[in-house]
>>> print(open('final_4.pdb').read())   # PDB, C-alpha atoms, pLDDT in the B column
ATOM      1  CA  MET E   1      -4.565   9.498 -28.820  1.00 60.00           C
ATOM      2  CA  SER E   2      -7.064   9.265 -26.001  1.00 81.00           C
ATOM      3  CA  LEU E   3      -7.073   6.807 -23.130  1.00 86.00           C
ATOM      4  CA  VAL E   4      -9.456   3.861 -23.224  1.00 92.00           C
ATOM      5  CA  LEU E   5     -10.521   4.321 -19.602  1.00 91.00           C
ATOM      6  CA  ASP E   6     -13.672   6.423 -19.229  1.00 92.00           C
ATOM      7  CA  PRO E   7     -12.858  10.070 -18.306  1.00 91.00           C
ATOM      8  CA  ALA E   8     -14.966   9.822 -15.142  1.00 93.00           C
ATOM      9  CA  ALA E   9     -12.899   6.826 -14.032  1.00 92.00           C
ATOM     10  CA  GLN E  10      -9.713   8.719 -14.868  1.00 92.00           C
ATOM     11  CA  ASP E  11     -10.900  11.548 -12.628  1.00 91.00           C
ATOM     12  CA  LEU E  12     -11.822   9.145  -9.823  1.00 91.00           C
ATOM     13  CA  LEU E  13      -8.462   7.386  -9.869  1.00 93.00           C
ATOM     14  CA  PHE E  14      -6.114  10.259 -10.728  1.00 92.00           C
ATOM     15  CA  ARG E  15      -7.157  13.807 -11.596  1.00 90.00           C
ATOM     16  CA  GLU E  16      -9.698  14.447  -8.827  1.00 89.00           C
ATOM     17  CA  ALA E  17      -8.259  12.028  -6.248  1.00 90.00           C
ATOM     18  CA  ARG E  18      -6.237  13.528  -3.407  1.00 87.00           C
ATOM     19  CA  THR E  19      -4.344  12.356  -0.381  1.00 90.00           C
ATOM     20  CA  ALA E  20      -6.973  12.745   2.332  1.00 89.00           C
ATOM     21  CA  ASN E  21      -6.163  14.367   5.661  1.00 89.00           C
ATOM     22  CA  SER E  22      -9.659  14.122   7.147  1.00 90.00           C
ATOM     23  CA  PHE E  23     -12.564  11.747   6.764  1.00 93.00           C
ATOM     24  CA  THR E  24     -16.239  11.398   7.571  1.00 94.00           C
ATOM     25  CA  ASP E  25     -17.145   8.956  10.330  1.00 93.00           C
ATOM     26  CA  GLU E  26     -18.650   6.458   7.853  1.00 96.00           C
ATOM     27  CA  PRO E  27     -17.093   3.060   8.627  1.00 97.00           C
ATOM     28  CA  VAL E  28     -15.037   1.054   6.142  1.00 97.00           C
ATOM     29  CA  GLY E  29     -16.090  -2.593   6.204  1.00 96.00           C
ATOM     30  CA  ASP E  30     -14.222  -5.803   5.593  1.00 95.00           C
ATOM     31  CA  GLU E  31     -16.265  -6.354   2.422  1.00 96.00           C
ATOM     32  CA  GLN E  32     -14.897  -3.111   0.975  1.00 97.00           C
ATOM     33  CA  LEU E  33     -11.336  -4.125   1.808  1.00 97.00           C
ATOM     34  CA  GLN E  34     -11.917  -7.569   0.295  1.00 97.00           C
ATOM     35  CA  ALA E  35     -13.181  -5.934  -2.919  1.00 97.00           C
ATOM     36  CA  ILE E  36     -10.169  -3.611  -3.011  1.00 98.00           C
ATOM     37  CA  TYR E  37      -7.745  -6.492  -2.537  1.00 97.00           C
ATOM     38  CA  ASP E  38      -9.547  -8.677  -5.091  1.00 97.00           C
ATOM     39  CA  LEU E  39      -8.975  -5.913  -7.654  1.00 97.00           C
ATOM     40  CA  VAL E  40      -5.417  -4.848  -6.878  1.00 97.00           C
ATOM     41  CA  LYS E  41      -3.981  -8.349  -6.443  1.00 97.00           C
ATOM     42  CA  TYR E  42      -3.752  -8.502 -10.243  1.00 97.00           C
ATOM     43  CA  GLY E  43      -1.132  -5.747 -10.461  1.00 97.00           C
ATOM     44  CA  PRO E  44       2.200  -7.117 -11.713  1.00 97.00           C
ATOM     45  CA  THR E  45       5.225  -7.823  -9.542  1.00 97.00           C
ATOM     46  CA  ALA E  46       8.557  -9.410 -10.458  1.00 96.00           C
ATOM     47  CA  PHE E  47       8.182 -13.198 -10.619  1.00 95.00           C
ATOM     48  CA  ASN E  48       4.604 -12.674  -9.377  1.00 96.00           C
ATOM     49  CA  GLN E  49       6.125 -12.534  -5.903  1.00 96.00           C
ATOM     50  CA  CYS E  50       3.280 -10.534  -4.266  1.00 98.00           C
ATOM     51  CA  PRO E  51       5.225  -9.489  -1.126  1.00 98.00           C
ATOM     52  CA  LEU E  52       2.746  -6.861   0.144  1.00 98.00           C
ATOM     53  CA  ARG E  53       1.083  -7.610   3.473  1.00 98.00           C
ATOM     54  CA  VAL E  54      -1.722  -5.507   4.966  1.00 98.00           C
ATOM     55  CA  THR E  55      -2.363  -5.181   8.695  1.00 98.00           C
ATOM     56  CA  LEU E  56      -5.723  -3.541   9.428  1.00 98.00           C
ATOM     57  CA  VAL E  57      -5.730  -1.528  12.646  1.00 98.00           C
ATOM     58  CA  ARG E  58      -9.336  -1.636  13.864  1.00 96.00           C
ATOM     59  CA  SER E  59      -9.406  -1.844  17.658  1.00 96.00           C
ATOM     60  CA  PRO E  60      -9.102   1.355  19.718  1.00 95.00           C
ATOM     61  CA  GLU E  61      -6.243  -0.207  21.694  1.00 97.00           C
ATOM     62  CA  ALA E  62      -4.259  -1.015  18.561  1.00 98.00           C
ATOM     63  CA  ARG E  63      -4.988   2.432  17.120  1.00 97.00           C
ATOM     64  CA  GLU E  64      -3.641   4.068  20.275  1.00 97.00           C
ATOM     65  CA  ARG E  65      -0.481   1.953  20.107  1.00 98.00           C
ATOM     66  CA  LEU E  66       0.029   2.877  16.440  1.00 98.00           C
ATOM     67  CA  VAL E  67      -0.556   6.605  16.926  1.00 98.00           C
ATOM     68  CA  GLY E  68       2.306   6.667  19.438  1.00 97.00           C
ATOM     69  CA  HIS E  69       4.719   5.644  16.655  1.00 98.00           C
ATOM     70  CA  LEU E  70       3.616   8.341  14.190  1.00 98.00           C
ATOM     71  CA  ALA E  71       5.093  11.763  13.559  1.00 97.00           C
ATOM     72  CA  GLU E  72       3.244  14.482  15.463  1.00 97.00           C
ATOM     73  CA  GLY E  73       1.520  15.816  12.339  1.00 95.00           C
ATOM     74  CA  ASN E  74       0.088  12.386  11.518  1.00 96.00           C
ATOM     75  CA  ARG E  75      -1.349  11.486  14.915  1.00 97.00           C
ATOM     76  CA  ALA E  76      -4.704  13.286  15.059  1.00 95.00           C
ATOM     77  CA  LYS E  77      -5.795  12.339  11.545  1.00 94.00           C
ATOM     78  CA  THR E  78      -4.862   8.699  12.118  1.00 97.00           C
ATOM     79  CA  ALA E  79      -6.682   8.602  15.450  1.00 96.00           C
ATOM     80  CA  ALA E  80      -9.835   9.892  13.698  1.00 94.00           C
ATOM     81  CA  ALA E  81      -9.673   7.902  10.425  1.00 96.00           C
ATOM     82  CA  PRO E  82     -12.362   5.236   9.915  1.00 97.00           C
ATOM     83  CA  LEU E  83      -9.731   2.614   9.088  1.00 98.00           C
ATOM     84  CA  VAL E  84      -5.959   2.449   9.173  1.00 98.00           C
ATOM     85  CA  ALA E  85      -3.764  -0.055   7.340  1.00 98.00           C
ATOM     86  CA  ILE E  86      -0.097  -0.810   7.886  1.00 98.00           C
ATOM     87  CA  LEU E  87       1.444  -1.857   4.568  1.00 98.00           C
ATOM     88  CA  SER E  88       4.554  -3.998   4.845  1.00 98.00           C
ATOM     89  CA  ALA E  89       6.892  -6.130   2.763  1.00 98.00           C
ATOM     90  CA  ASP E  90       7.113  -9.838   3.571  1.00 98.00           C
ATOM     91  CA  ASN E  91      10.809 -10.714   3.359  1.00 98.00           C
ATOM     92  CA  GLU E  92       9.914 -14.396   3.302  1.00 97.00           C
ATOM     93  CA  PHE E  93       7.683 -14.011   0.219  1.00 97.00           C
ATOM     94  CA  HIS E  94       9.745 -16.670  -1.544  1.00 94.00           C
ATOM     95  CA  GLU E  95       7.989 -19.386   0.467  1.00 95.00           C
ATOM     96  CA  GLU E  96       4.850 -18.641  -1.581  1.00 95.00           C
ATOM     97  CA  LEU E  97       6.599 -18.734  -4.965  1.00 94.00           C
ATOM     98  CA  PRO E  98       5.865 -22.402  -5.712  1.00 93.00           C
ATOM     99  CA  GLN E  99       2.155 -21.521  -5.423  1.00 94.00           C
ATOM    100  CA  LEU E 100       2.487 -18.217  -7.295  1.00 95.00           C
ATOM    101  CA  MET E 101       4.818 -19.553 -10.032  1.00 91.00           C
ATOM    102  CA  PRO E 102       3.755 -23.211 -10.357  1.00 93.00           C
ATOM    103  CA  HIS E 103       5.426 -23.495 -13.762  1.00 93.00           C
ATOM    104  CA  ALA E 104       8.819 -22.515 -12.254  1.00 90.00           C
ATOM    105  CA  PRO E 105       8.976 -23.640  -8.593  1.00 83.00           C
ATOM    106  CA  GLN E 106      12.787 -23.653  -8.699  1.00 88.00           C
ATOM    107  CA  LEU E 107      12.803 -19.823  -8.644  1.00 86.00           C
ATOM    108  CA  LYS E 108      12.361 -19.881  -4.869  1.00 87.00           C
ATOM    109  CA  ASP E 109      15.885 -21.227  -4.377  1.00 88.00           C
ATOM    110  CA  ALA E 110      17.509 -20.131  -7.635  1.00 88.00           C
ATOM    111  CA  PHE E 111      16.974 -16.399  -7.094  1.00 91.00           C
ATOM    112  CA  PHE E 112      15.844 -15.830  -3.518  1.00 91.00           C
ATOM    113  CA  SER E 113      17.840 -18.073  -1.193  1.00 90.00           C
ATOM    114  CA  GLU E 114      19.747 -15.077   0.253  1.00 93.00           C
ATOM    115  CA  ARG E 115      17.940 -12.801   2.717  1.00 94.00           C
ATOM    116  CA  PRO E 116      19.510  -9.493   1.489  1.00 95.00           C
ATOM    117  CA  VAL E 117      18.317 -10.232  -2.053  1.00 95.00           C
ATOM    118  CA  ARG E 118      14.808 -10.972  -0.780  1.00 95.00           C
ATOM    119  CA  GLU E 119      14.693  -7.796   1.314  1.00 96.00           C
ATOM    120  CA  GLY E 120      15.613  -5.613  -1.653  1.00 97.00           C
ATOM    121  CA  THR E 121      13.158  -7.128  -4.084  1.00 97.00           C
ATOM    122  CA  ALA E 122      10.409  -7.376  -1.451  1.00 98.00           C
ATOM    123  CA  ALA E 123      10.729  -3.666  -0.652  1.00 98.00           C
ATOM    124  CA  LEU E 124      10.568  -2.654  -4.315  1.00 98.00           C
ATOM    125  CA  ASN E 125       7.693  -4.918  -5.294  1.00 98.00           C
ATOM    126  CA  ALA E 126       5.658  -4.326  -2.128  1.00 98.00           C
ATOM    127  CA  ALA E 127       5.992  -0.568  -2.732  1.00 98.00           C
ATOM    128  CA  LEU E 128       4.647  -1.165  -6.229  1.00 98.00           C
ATOM    129  CA  GLN E 129       1.744  -3.109  -4.729  1.00 98.00           C
ATOM    130  CA  ALA E 130       1.179  -0.328  -2.186  1.00 98.00           C
ATOM    131  CA  ALA E 131       0.601   2.045  -5.106  1.00 98.00           C
ATOM    132  CA  TYR E 132      -1.923  -0.408  -6.557  1.00 98.00           C
ATOM    133  CA  PHE E 133      -3.571  -0.554  -3.125  1.00 98.00           C
ATOM    134  CA  ILE E 134      -4.005   3.227  -3.035  1.00 98.00           C
ATOM    135  CA  ILE E 135      -5.529   3.184  -6.527  1.00 98.00           C
ATOM    136  CA  GLY E 136      -7.823   0.361  -5.392  1.00 98.00           C
ATOM    137  CA  VAL E 137      -8.988   2.426  -2.419  1.00 98.00           C
ATOM    138  CA  ARG E 138      -9.836   5.210  -4.866  1.00 97.00           C
ATOM    139  CA  ALA E 139     -11.626   2.761  -7.183  1.00 97.00           C
ATOM    140  CA  ALA E 140     -13.854   1.824  -4.228  1.00 97.00           C
ATOM    141  CA  GLY E 141     -14.931   5.477  -3.969  1.00 95.00           C
ATOM    142  CA  LEU E 142     -12.851   5.996  -0.836  1.00 96.00           C
ATOM    143  CA  ALA E 143      -9.849   8.193  -0.145  1.00 95.00           C
ATOM    144  CA  ALA E 144      -6.423   7.158   1.062  1.00 96.00           C
ATOM    145  CA  GLY E 145      -4.013   9.100   3.228  1.00 95.00           C
ATOM    146  CA  PRO E 146      -0.644   7.330   2.896  1.00 97.00           C
ATOM    147  CA  MET E 147       2.061   8.387   5.380  1.00 97.00           C
ATOM    148  CA  THR E 148       5.715   7.570   5.899  1.00 98.00           C
ATOM    149  CA  GLY E 149       6.220   9.915   8.847  1.00 97.00           C
ATOM    150  CA  LEU E 150       6.568   7.228  11.475  1.00 98.00           C
ATOM    151  CA  ASP E 151       8.977   5.238  13.600  1.00 98.00           C
ATOM    152  CA  PHE E 152       9.389   2.260  11.266  1.00 98.00           C
ATOM    153  CA  GLU E 153      11.259   0.107  13.755  1.00 98.00           C
ATOM    154  CA  GLY E 154       8.710   0.876  16.459  1.00 98.00           C
ATOM    155  CA  VAL E 155       5.834  -0.090  14.142  1.00 98.00           C
ATOM    156  CA  ARG E 156       7.630  -3.284  13.150  1.00 98.00           C
ATOM    157  CA  LYS E 157       8.191  -4.300  16.776  1.00 98.00           C
ATOM    158  CA  GLU E 158       4.659  -3.344  17.839  1.00 97.00           C
ATOM    159  CA  PHE E 159       2.663  -4.903  14.986  1.00 98.00           C
ATOM    160  CA  LEU E 160       4.857  -7.086  12.775  1.00 98.00           C
ATOM    161  CA  ASP E 161       7.874  -9.368  13.160  1.00 96.00           C
ATOM    162  CA  ASP E 162      11.444  -9.613  11.900  1.00 96.00           C
ATOM    163  CA  ASP E 163      10.261 -11.021   8.561  1.00 97.00           C
ATOM    164  CA  HIS E 164       8.118  -7.981   7.707  1.00 98.00           C
ATOM    165  CA  THR E 165       9.347  -4.483   6.910  1.00 98.00           C
ATOM    166  CA  PRO E 166       6.807  -1.654   7.279  1.00 98.00           C
ATOM    167  CA  LEU E 167       6.489   0.609   4.237  1.00 98.00           C
ATOM    168  CA  MET E 168       3.763   3.073   5.188  1.00 98.00           C
ATOM    169  CA  VAL E 169       0.583   3.655   7.120  1.00 98.00           C
ATOM    170  CA  VAL E 170      -2.559   4.437   5.106  1.00 98.00           C
ATOM    171  CA  ASN E 171      -5.658   6.120   6.520  1.00 97.00           C
ATOM    172  CA  ILE E 172      -8.787   5.033   4.622  1.00 97.00           C
ATOM    173  CA  GLY E 173     -12.331   6.384   4.462  1.00 96.00           C
ATOM    174  CA  ARG E 174     -14.768   8.748   2.815  1.00 94.00           C
ATOM    175  CA  PRO E 175     -13.085  12.135   2.526  1.00 91.00           C
ATOM    176  CA  GLY E 176     -14.359  14.908   4.759  1.00 86.00           C
ATOM    177  CA  PRO E 177     -15.275  18.357   3.408  1.00 81.00           C
ATOM    178  CA  ASP E 178     -11.798  19.717   4.168  1.00 77.00           C
ATOM    179  CA  ALA E 179      -9.989  16.477   3.371  1.00 69.00           C
ATOM    180  CA  ALA E 180      -7.357  17.715   0.938  1.00 72.00           C
ATOM    181  CA  PHE E 181      -5.085  20.648   0.340  1.00 78.00           C
ATOM    182  CA  PRO E 182      -5.166  22.349  -3.075  1.00 83.00           C
ATOM    183  CA  ARG E 183      -3.534  20.276  -5.804  1.00 85.00           C
ATOM    184  CA  SER E 184       0.231  20.816  -5.900  1.00 89.00           C
ATOM    185  CA  PRO E 185       1.978  21.237  -9.268  1.00 93.00           C
ATOM    186  CA  ARG E 186       3.289  18.234 -11.195  1.00 94.00           C
ATOM    187  CA  LEU E 187       6.203  17.979 -13.591  1.00 96.00           C
ATOM    188  CA  ALA E 188       5.439  18.339 -17.301  1.00 96.00           C
ATOM    189  CA  TYR E 189       5.908  15.489 -19.762  1.00 95.00           C
ATOM    190  CA  GLU E 190       9.003  17.178 -21.218  1.00 97.00           C
ATOM    191  CA  GLN E 191      10.615  17.336 -17.774  1.00 97.00           C
ATOM    192  CA  VAL E 192      10.193  13.616 -17.177  1.00 97.00           C
ATOM    193  CA  VAL E 193      10.365  11.759 -20.480  1.00 97.00           C
ATOM    194  CA  THR E 194      13.559  11.327 -22.479  1.00 97.00           C
ATOM    195  CA  THR E 195      13.738   9.531 -25.813  1.00 97.00           C
ATOM    196  CA  VAL E 196      17.010   7.836 -26.774  1.00 97.00           C
TER     197      VAL E 196
END
>>> encode(input="final_4.pdb", output="structure tokens")
Amino acid sequence: MSLVLDPAAQDLLFREARTANSFTDEPVGDEQLQAIYDLVKYGPTAFNQCPLRVTLVRSPEARERLVGHLAEGNRAKTAAAPLVAILSADNEFHEELPQLMPHAPQLKDAFFSERPVREGTAALNAALQAAYFIIGVRAAGLAAGPMTGLDFEGVRKEFLDDDHTPLMVVNIGRPGPDAAFPRSPRLAYEQVVTTV
């Protein structure tokens, strides 16, 4: 059985897409980010909680502050990327649930009154949304360079607050000519899928 999605789109989103390590100097505009968000916001999350938050790092001063919190191997490529986004989980996402689940506003207090419960589900669902975000960047014809080599607490203190937990930093732009390493192997279907 073949997939419904056009093979060229499959290539764009998956087979030919790579984690980019270098980019051209072509800027990434707010309109592009708006289009990406307007596509990926439809990805499912538990209780439609939508806990992902995106902090765009545009100013040179903010970029310099961010680079200081990254692992050594991530600094130069982040300093040179056209756009950098900090993806985080909003641990107070439940405040938006009456808007996001208007048919069940009681869920806010019934399931998410305790902070540890919110932190766990926010982390899981925001990570899911982060994956949608990366696919959305690819759908816009751009490349993403997601990174978790960073001082998470330093990034939180520098750019966020106690209610937001950083998940990753993503460099965004048009890939440069030497943007990606050769494709690494993937596990085969038989190694991953079990039928019971």
>>> atom_distance(input="final_4.pdb", atom1="atom CA of Phe47 of chain E", atom2="atom CA of His94 of chain E")
9.8 Å
>>> resolve_selection(input="final_4.pdb", expression="the PyMOL selection byres ((chain E and resi 40-42) around 12)", output="PyMOL selection string")
chain E and resi 33-39+43-45+48-54+100+126+128-140
>>> write_last_selection(input="final_4.pdb", atoms="C-alpha atoms", output="mmCIF file, keeping the file's coordinate frame")
data_model
loop_
_atom_site.group_PDB
_atom_site.id
_atom_site.type_symbol
_atom_site.label_atom_id
_atom_site.label_comp_id
_atom_site.auth_asym_id
_atom_site.auth_seq_id
_atom_site.Cartn_x
_atom_site.Cartn_y
_atom_site.Cartn_z
ATOM 1 C CA LEU E 33 -11.336 -4.125 1.808
ATOM 2 C CA GLN E 34 -11.917 -7.569 0.295
ATOM 3 C CA ALA E 35 -13.181 -5.934 -2.919
ATOM 4 C CA ILE E 36 -10.169 -3.611 -3.011
ATOM 5 C CA TYR E 37 -7.745 -6.492 -2.537
ATOM 6 C CA ASP E 38 -9.547 -8.677 -5.091
ATOM 7 C CA LEU E 39 -8.975 -5.913 -7.654
ATOM 8 C CA GLY E 43 -1.132 -5.747 -10.461
ATOM 9 C CA PRO E 44 2.200 -7.117 -11.713
ATOM 10 C CA THR E 45 5.225 -7.823 -9.542
ATOM 11 C CA ASN E 48 4.604 -12.674 -9.377
ATOM 12 C CA GLN E 49 6.125 -12.534 -5.903
ATOM 13 C CA CYS E 50 3.280 -10.534 -4.266
ATOM 14 C CA PRO E 51 5.225 -9.489 -1.126
ATOM 15 C CA LEU E 52 2.746 -6.861 0.144
ATOM 16 C CA ARG E 53 1.083 -7.610 3.473
ATOM 17 C CA VAL E 54 -1.722 -5.507 4.966
ATOM 18 C CA LEU E 100 2.487 -18.217 -7.295
ATOM 19 C CA ALA E 126 5.658 -4.326 -2.128
ATOM 20 C CA LEU E 128 4.647 -1.165 -6.229
ATOM 21 C CA GLN E 129 1.744 -3.109 -4.729
ATOM 22 C CA ALA E 130 1.179 -0.328 -2.186
ATOM 23 C CA ALA E 131 0.601 2.045 -5.106
ATOM 24 C CA TYR E 132 -1.923 -0.408 -6.557
ATOM 25 C CA PHE E 133 -3.571 -0.554 -3.125
ATOM 26 C CA ILE E 134 -4.005 3.227 -3.035
ATOM 27 C CA ILE E 135 -5.529 3.184 -6.527
ATOM 28 C CA GLY E 136 -7.823 0.361 -5.392
ATOM 29 C CA VAL E 137 -8.988 2.426 -2.419
ATOM 30 C CA ARG E 138 -9.836 5.210 -4.866
ATOM 31 C CA ALA E 139 -11.626 2.761 -7.183
ATOM 32 C CA ALA E 140 -13.854 1.824 -4.228
#
>>> axis_aligned_box(input="final_4.pdb", around="segment 142-151 of chain E", padding_each_side="6 Å", output="lines of an AutoDock Vina configuration file")
center_x = -1.9
center_y = 7.6
center_z = 6.4
size_x = 33.8
size_y = 16.7
size_z = 26.4
>>> residues_near_point(input="final_4.pdb", point="(6.1, -17.9, -1.8)", cutoff="12 Å", atoms="all atoms listed in the file", output="number ranges by chain")
E: 47-52, 90-102, 104-109, 112-113, 118, 122
>>> residues_around(input="final_4.pdb", residues="segment 58-70 of chain E", least_positions_apart="2", cutoff="12 Å", atoms="all atoms listed in the file", output="ChimeraX atom specification")
/E:27-30,55-56,72-86,147-160,168-172
>>> atom_distance(input="final_4.pdb", atom1="atom CA of Gly176 of chain E", atom2="atom CA of Asp6 of chain E")
25.5 Å
>>> residues_around(input="final_4.pdb", residues="Arg174 of chain E", least_positions_apart="5", cutoff="8 Å", atoms="only C-alpha atoms", output="list of chain:residue names")
E:Phe23, E:Thr24, E:Asp25, E:Glu26, E:Gly141, E:Leu142, E:Ala143
>>> atom_distance(input="final_4.pdb", atom1="atom CA of Ser184 of chain E", atom2="atom CA of Ala127 of chain E")
22.4 Å
>>> build_atoms(input="final_4.pdb", residues="segment 51-60 of chain E", atoms="all heavy atoms", output="compact mmCIF listing (two decimals), in the frame of the given file")
# COMPACT_ATOMS: atom_id res chain seq x y z
N PRO E 51 4.73 -9.57 -2.49
CA PRO E 51 5.22 -9.49 -1.13
C PRO E 51 4.45 -8.55 -0.19
O PRO E 51 4.74 -8.50 1.00
CB PRO E 51 6.65 -8.98 -1.31
CG PRO E 51 6.55 -8.10 -2.52
CD PRO E 51 5.56 -8.77 -3.42
N LEU E 52 3.48 -7.80 -0.71
CA LEU E 52 2.75 -6.86 0.14
C LEU E 52 1.92 -7.61 1.18
O LEU E 52 1.24 -8.59 0.86
CB LEU E 52 1.81 -5.98 -0.69
CG LEU E 52 1.02 -4.94 0.12
CD1 LEU E 52 1.93 -3.85 0.65
CD2 LEU E 52 -0.11 -4.36 -0.71
N ARG E 53 1.95 -7.11 2.41
CA ARG E 53 1.08 -7.61 3.47
C ARG E 53 0.37 -6.41 4.08
O ARG E 53 0.95 -5.32 4.19
CB ARG E 53 1.87 -8.36 4.55
CG ARG E 53 2.63 -9.58 4.02
CD ARG E 53 1.70 -10.66 3.48
NE ARG E 53 2.44 -11.80 2.94
CZ ARG E 53 2.74 -11.98 1.66
NH1 ARG E 53 2.36 -11.08 0.77
NH2 ARG E 53 3.41 -13.05 1.27
N VAL E 54 -0.88 -6.59 4.46
CA VAL E 54 -1.72 -5.51 4.97
C VAL E 54 -2.19 -5.88 6.37
O VAL E 54 -2.79 -6.94 6.56
CB VAL E 54 -2.94 -5.27 4.05
CG1 VAL E 54 -3.80 -4.13 4.59
CG2 VAL E 54 -2.50 -4.99 2.61
N THR E 55 -1.89 -5.01 7.32
CA THR E 55 -2.36 -5.18 8.70
C THR E 55 -3.39 -4.09 8.95
O THR E 55 -3.06 -2.91 8.96
CB THR E 55 -1.19 -5.06 9.69
OG1 THR E 55 -0.20 -6.02 9.36
CG2 THR E 55 -1.68 -5.27 11.12
N LEU E 56 -4.65 -4.50 9.15
CA LEU E 56 -5.72 -3.54 9.43
C LEU E 56 -5.75 -3.24 10.92
O LEU E 56 -5.80 -4.16 11.75
CB LEU E 56 -7.07 -4.10 8.98
CG LEU E 56 -7.19 -4.40 7.49
CD1 LEU E 56 -8.57 -4.99 7.19
CD2 LEU E 56 -6.94 -3.17 6.64
N VAL E 57 -5.72 -1.97 11.25
CA VAL E 57 -5.73 -1.53 12.65
C VAL E 57 -7.16 -1.07 12.96
O VAL E 57 -7.55 0.03 12.60
CB VAL E 57 -4.70 -0.40 12.87
CG1 VAL E 57 -4.67 0.02 14.33
CG2 VAL E 57 -3.32 -0.85 12.41
N ARG E 58 -7.92 -1.92 13.62
CA ARG E 58 -9.34 -1.64 13.86
C ARG E 58 -9.65 -1.33 15.33
O ARG E 58 -10.46 -0.48 15.62
CB ARG E 58 -10.19 -2.81 13.40
CG ARG E 58 -10.31 -2.92 11.89
CD ARG E 58 -11.62 -3.59 11.51
NE ARG E 58 -11.78 -3.77 10.09
CZ ARG E 58 -12.35 -2.87 9.29
NH1 ARG E 58 -12.77 -1.74 9.77
NH2 ARG E 58 -12.49 -3.12 8.00
N SER E 59 -9.02 -2.03 16.25
CA SER E 59 -9.41 -1.84 17.66
C SER E 59 -8.87 -0.51 18.19
O SER E 59 -7.81 -0.04 17.77
CB SER E 59 -8.87 -2.99 18.51
OG SER E 59 -7.48 -2.87 18.71
N PRO E 60 -9.59 0.10 19.12
CA PRO E 60 -9.10 1.36 19.72
C PRO E 60 -7.75 1.19 20.40
O PRO E 60 -6.91 2.09 20.33
CB PRO E 60 -10.19 1.71 20.74
CG PRO E 60 -11.41 1.01 20.28
CD PRO E 60 -10.94 -0.25 19.61
